[in-house]
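Colleague: Structure in structure tokens, see below.
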Amino acid sequence: MWEEYGEDVQFFIVYIREAHAIDSRSPMGGDGMPIVEDPISLIERKGVAQVCMTKLDLEPIPALVDDMEDTANTAYHAWPDRLYLVGKDGRIAYHGGRGPFEFLPDELEDAIKAALAD
Amino acid sequence: MKIRNTASKTLVMGTLAILAQACATTEPTNETVSDAGSATVEASMPIATDESIDTQWEYLRDRYDGDGDGSISADEYDREGRTIDGWDEDGDGVLTEVDFERGSGSGARRGRRGGMRDPLARRMMSRYFQNDEDNTVVKRTEVEQAIGAYDKNFDDVLVATEFRERASELKVVTPGDDSPMVKRFMGDMDPWDTIAAGVDSDESGELSRADLLAFYSKMAGDAGDWKLEGPPSGGQRQAREPAQKNGPAVGTMAPDFELEAPDGDQSVRLSSFQGNKPVALIFGSYT
């Protein structure tokens, strides 16, 4: 999607609080899954985000790292994952459901198409 | 007697359940890891980047067991405001490999220590069977049916090619399925290899009905069912929360933020794109 619309739409991956850090309430990791501790500083969070971008081959897409106060996560109720489209007018054009079950890239794509058609 | 070779949801589900469980029970390698020499930025980050590290314990040991005595004391676990208590399963005040062992203790504990065991199964179920009313319990009959679903030549033995062909037809997880959800939970693991590693006890390269049922029986409770604690399905699933509790609604001004990129100090303000182009925000984390 980024390849198709990247020129007309600014994509950002916003790296927020880990969903399943091994020291979290729902730990996961090992046996092929990423093993991550919950970062305790912005430097750590950036470092983990960078590893994440590399390992998931997301590097071409610009990324931003949420601050340690979880400002963006809180404002957008984003955790654990969620999609938004902000229109050219600065208003929310698409508001995706809470991931992972309602993380629906197709909906985002439809919203992008609609936004670009305007 | 031949098992009917129909591809119903439950057939696939049973196999997926086996698959998911097999992933979680694959024995970790016992390779010793030494990355003392690599003082990269990544090495100092709280994330396992060395691919030979395969368990949470290996990761923690390599990172925190400074004196190499095979245990991590509260002092060694030097993370501001964090303690080792959550991992200290035996309550002896230090972390050792024992605290991360699986296969003993309560089911809840196994799930937690196994890390991905139940969650993986659950997520995979939800991916394929979100609306299946019966997605929380795997029954023996379903497992038997599932075996039949993959056993293309009805010889009661599954081999890799059979499994892969059938899995592809059934659109379950197949090699090359790179959907984000599968990628996230399977990594680079090959489904057949992970099943074989967990189930094929005699390492024959074939899975017999007996292999699979023996494996299943280990998971099953007294009633003979394997409970998955599946995701809320159908009517149980919660409706979306009201918009204001659920992030900014469509049509409202997007909350502004200014954040930095992972690899630099340059920050980006969301509102700087206003009047210029739409912005797609993809929120998420590594796990």
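As shown in the structure tokens, the chain order sets the letters A, B, ...; within each chain, residues go from 1, and ligands are also counted from 1 in the order they appear.
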Find the residues in chain B near chain A: any atom within 7 Å counts, using only C-alpha atoms. Write them as a VMD selection string.

Modeller: chain B and resid 24 28 42 45 to 48 54 to 56 115 to 116 185 to 187 246 to 255 257 259 to 263 271 274 to 287

Colleague: Compile the contact shell of Phe163 of chain B as a PyMOL selection string: residues with an atom at most 9 Å away, counting only C-alpha atoms, same-chain residues fewer than 2 positions apart removed.

Modeller: chain B and resi 150-152+158-161+165-168+192

Colleague: Output N, CA, C and O atoms for every residue in the selection just made, as a PDB file, in the first residue's frame.

Modeller:
```pdb
ATOM      1  N   TYR B 150      -5.999 -33.975   5.863  1.00  0.00           N
ATOM      2  CA  TYR B 150      -4.691 -33.766   5.255  1.00  0.00           C
ATOM      3  C   TYR B 150      -4.132 -35.025   4.599  1.00  0.00           C
ATOM      4  O   TYR B 150      -3.195 -34.960   3.819  1.00  0.00           O
ATOM      5  N   ASP B 151      -4.704 -36.136   4.967  1.00  0.00           N
ATOM      6  CA  ASP B 151      -4.168 -37.422   4.516  1.00  0.00           C
ATOM      7  C   ASP B 151      -4.713 -37.735   3.133  1.00  0.00           C
ATOM      8  O   ASP B 151      -5.676 -38.464   2.970  1.00  0.00           O
ATOM      9  N   LYS B 152      -4.059 -37.189   2.134  1.00  0.00           N
ATOM     10  CA  LYS B 152      -4.634 -37.220   0.786  1.00  0.00           C
ATOM     11  C   LYS B 152      -4.783 -38.628   0.223  1.00  0.00           C
ATOM     12  O   LYS B 152      -5.696 -38.906  -0.532  1.00  0.00           O
ATOM     13  N   LEU B 158       0.797 -38.992   7.493  1.00  0.00           N
ATOM     14  CA  LEU B 158       1.002 -37.710   6.834  1.00  0.00           C
ATOM     15  C   LEU B 158       2.478 -37.514   6.543  1.00  0.00           C
ATOM     16  O   LEU B 158       3.315 -37.746   7.404  1.00  0.00           O
ATOM     17  N   VAL B 159       2.767 -37.088   5.339  1.00  0.00           N
ATOM     18  CA  VAL B 159       4.139 -36.708   5.028  1.00  0.00           C
ATOM     19  C   VAL B 159       4.133 -35.241   4.598  1.00  0.00           C
ATOM     20  O   VAL B 159       3.071 -34.666   4.328  1.00  0.00           O
ATOM     21  N   ALA B 160       5.314 -34.670   4.525  1.00  0.00           N
ATOM     22  CA  ALA B 160       5.435 -33.222   4.314  1.00  0.00           C
ATOM     23  C   ALA B 160       4.714 -32.749   3.049  1.00  0.00           C
ATOM     24  O   ALA B 160       3.967 -31.766   3.078  1.00  0.00           O
ATOM     25  N   THR B 161       4.923 -33.475   1.944  1.00  0.00           N
ATOM     26  CA  THR B 161       4.330 -32.993   0.686  1.00  0.00           C
ATOM     27  C   THR B 161       2.812 -33.007   0.758  1.00  0.00           C
ATOM     28  O   THR B 161       2.153 -32.077   0.296  1.00  0.00           O
ATOM     29  N   GLU B 165       0.573 -29.580   0.357  1.00  0.00           N
ATOM     30  CA  GLU B 165      -0.417 -29.457  -0.718  1.00  0.00           C
ATOM     31  C   GLU B 165      -1.801 -29.170  -0.167  1.00  0.00           C
ATOM     32  O   GLU B 165      -2.513 -28.285  -0.606  1.00  0.00           O
ATOM     33  N   ARG B 166      -2.148 -29.941   0.851  1.00  0.00           N
ATOM     34  CA  ARG B 166      -3.494 -29.833   1.391  1.00  0.00           C
ATOM     35  C   ARG B 166      -3.664 -28.516   2.141  1.00  0.00           C
ATOM     36  O   ARG B 166      -4.704 -27.872   2.051  1.00  0.00           O
ATOM     37  N   ALA B 167      -2.647 -28.146   2.875  1.00  0.00           N
ATOM     38  CA  ALA B 167      -2.717 -26.884   3.613  1.00  0.00           C
ATOM     39  C   ALA B 167      -2.894 -25.724   2.647  1.00  0.00           C
ATOM     40  O   ALA B 167      -3.614 -24.769   2.920  1.00  0.00           O
ATOM     41  N   SER B 168      -2.249 -25.857   1.502  1.00  0.00           N
ATOM     42  CA  SER B 168      -2.378 -24.813   0.498  1.00  0.00           C
ATOM     43  C   SER B 168      -3.800 -24.769  -0.045  1.00  0.00           C
ATOM     44  O   SER B 168      -4.402 -23.709  -0.203  1.00  0.00           O
ATOM     45  N   TRP B 192       5.108 -27.314   8.684  1.00  0.00           N
ATOM     46  CA  TRP B 192       5.296 -28.765   8.758  1.00  0.00           C
ATOM     47  C   TRP B 192       6.456 -29.115   9.697  1.00  0.00           C
ATOM     48  O   TRP B 192       6.344 -30.005  10.530  1.00  0.00           O
TER      49      TRP B 192
END
```

Colleague: Could you pull out the alpha helix (DSSP H) residues of chain A from DSSP and send them as a VMD selection string?

Modeller: chain A and resid 2 to 5 42 to 55 71 to 76 105 to 117

Colleague: Just to be explicit: take each residue in the selection above, keep C-alpha atoms, and write the result as an mmCIF file, in the first residue's frame.

Modeller:
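Okay, this is what ended up in selection.cif:
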```
data_model
loop_
_atom_site.group_PDB
_atom_site.id
_atom_site.type_symbol
_atom_site.label_atom_id
_atom_site.label_comp_id
_atom_site.auth_asym_id
_atom_site.auth_seq_id
_atom_site.Cartn_x
_atom_site.Cartn_y
_atom_site.Cartn_z
ATOM 1 C CA TRP A 2 2.867 2.267 0.874
ATOM 2 C CA GLU A 3 4.414 1.573 -2.508
ATOM 3 C CA GLU A 4 1.204 2.407 -4.279
ATOM 4 C CA TYR A 5 0.139 5.527 -2.404
ATOM 5 C CA LEU A 42 13.222 6.692 24.958
ATOM 6 C CA ILE A 43 16.648 5.568 23.803
ATOM 7 C CA GLU A 44 15.686 1.970 24.445
ATOM 8 C CA ARG A 45 12.323 2.418 22.815
ATOM 9 C CA LYS A 46 13.979 3.867 19.743
ATOM 10 C CA GLY A 47 16.459 1.020 19.692
ATOM 11 C CA VAL A 48 13.763 -1.604 19.851
ATOM 12 C CA ALA A 49 11.760 0.245 17.209
ATOM 13 C CA GLN A 50 14.762 0.235 14.931
ATOM 14 C CA VAL A 51 15.294 -3.487 15.356
ATOM 15 C CA CYS A 52 11.599 -4.000 14.706
ATOM 16 C CA MET A 53 11.691 -1.972 11.503
ATOM 17 C CA THR A 54 14.706 -3.897 10.262
ATOM 18 C CA LYS A 55 13.489 -7.348 11.180
ATOM 19 C CA THR A 71 1.283 10.641 24.220
ATOM 20 C CA ALA A 72 0.283 9.424 20.780
ATOM 21 C CA ASN A 73 -0.886 6.058 22.031
ATOM 22 C CA THR A 74 -3.120 7.722 24.593
ATOM 23 C CA ALA A 75 -4.519 10.334 22.231
ATOM 24 C CA TYR A 76 -5.346 7.750 19.596
ATOM 25 C CA PRO A 105 -5.613 -2.615 6.069
ATOM 26 C CA ASP A 106 -8.250 -2.981 3.348
ATOM 27 C CA GLU A 107 -10.410 -0.433 5.126
ATOM 28 C CA LEU A 108 -7.503 1.956 5.259
ATOM 29 C CA GLU A 109 -6.891 1.506 1.567
ATOM 30 C CA ASP A 110 -10.525 2.283 0.790
ATOM 31 C CA ALA A 111 -10.254 5.419 2.902
ATOM 32 C CA ILE A 112 -7.091 6.455 1.076
ATOM 33 C CA LYS A 113 -8.774 5.977 -2.262
ATOM 34 C CA ALA A 114 -11.709 8.060 -1.124
ATOM 35 C CA ALA A 115 -9.447 10.792 0.238
ATOM 36 C CA LEU A 116 -7.447 11.002 -2.956
ATOM 37 C CA ALA A 117 -10.605 11.080 -5.077
#
```

Colleague: Which residues are near Glu89 of chain B? Cut-off 9 Å, only C-alpha atoms, ignore same chain within fewer than 5 positions. Put them as a PyMOL selection string.

Modeller: chain B and resi 95+98-100+109

Colleague: Give me the residues near segment 68-76 of chain B as a PyMOL selection string, where near means some atom within 9 Å (using only C-alpha atoms) and where sequence neighbours in that chain fewer than 4 positions away do not count.

Modeller: chain B and resi 60-62+64+83-85+93-97

Colleague: Suppose you want the space between atom CA of Asp225 of chain B and atom CA of Leu212 of chain B; what is it in Å?

Modeller: 14.3 Å

Colleague: Enter the distance from atom CA of Glu69 of chain A to atom CA of Arg82 of chain B, in Å, rounded to one decimal.

Modeller: 17.1 Å

Colleague: Report, in Å with one decimal, the straight-line distance from atom CA of Gly81 of chain B to atom CA of Gly264 of chain B.

Modeller: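 Spanning atom CA of Gly81 of chain B to atom CA of Gly264 of chain B is a straight-line distance of 26.4 Å.
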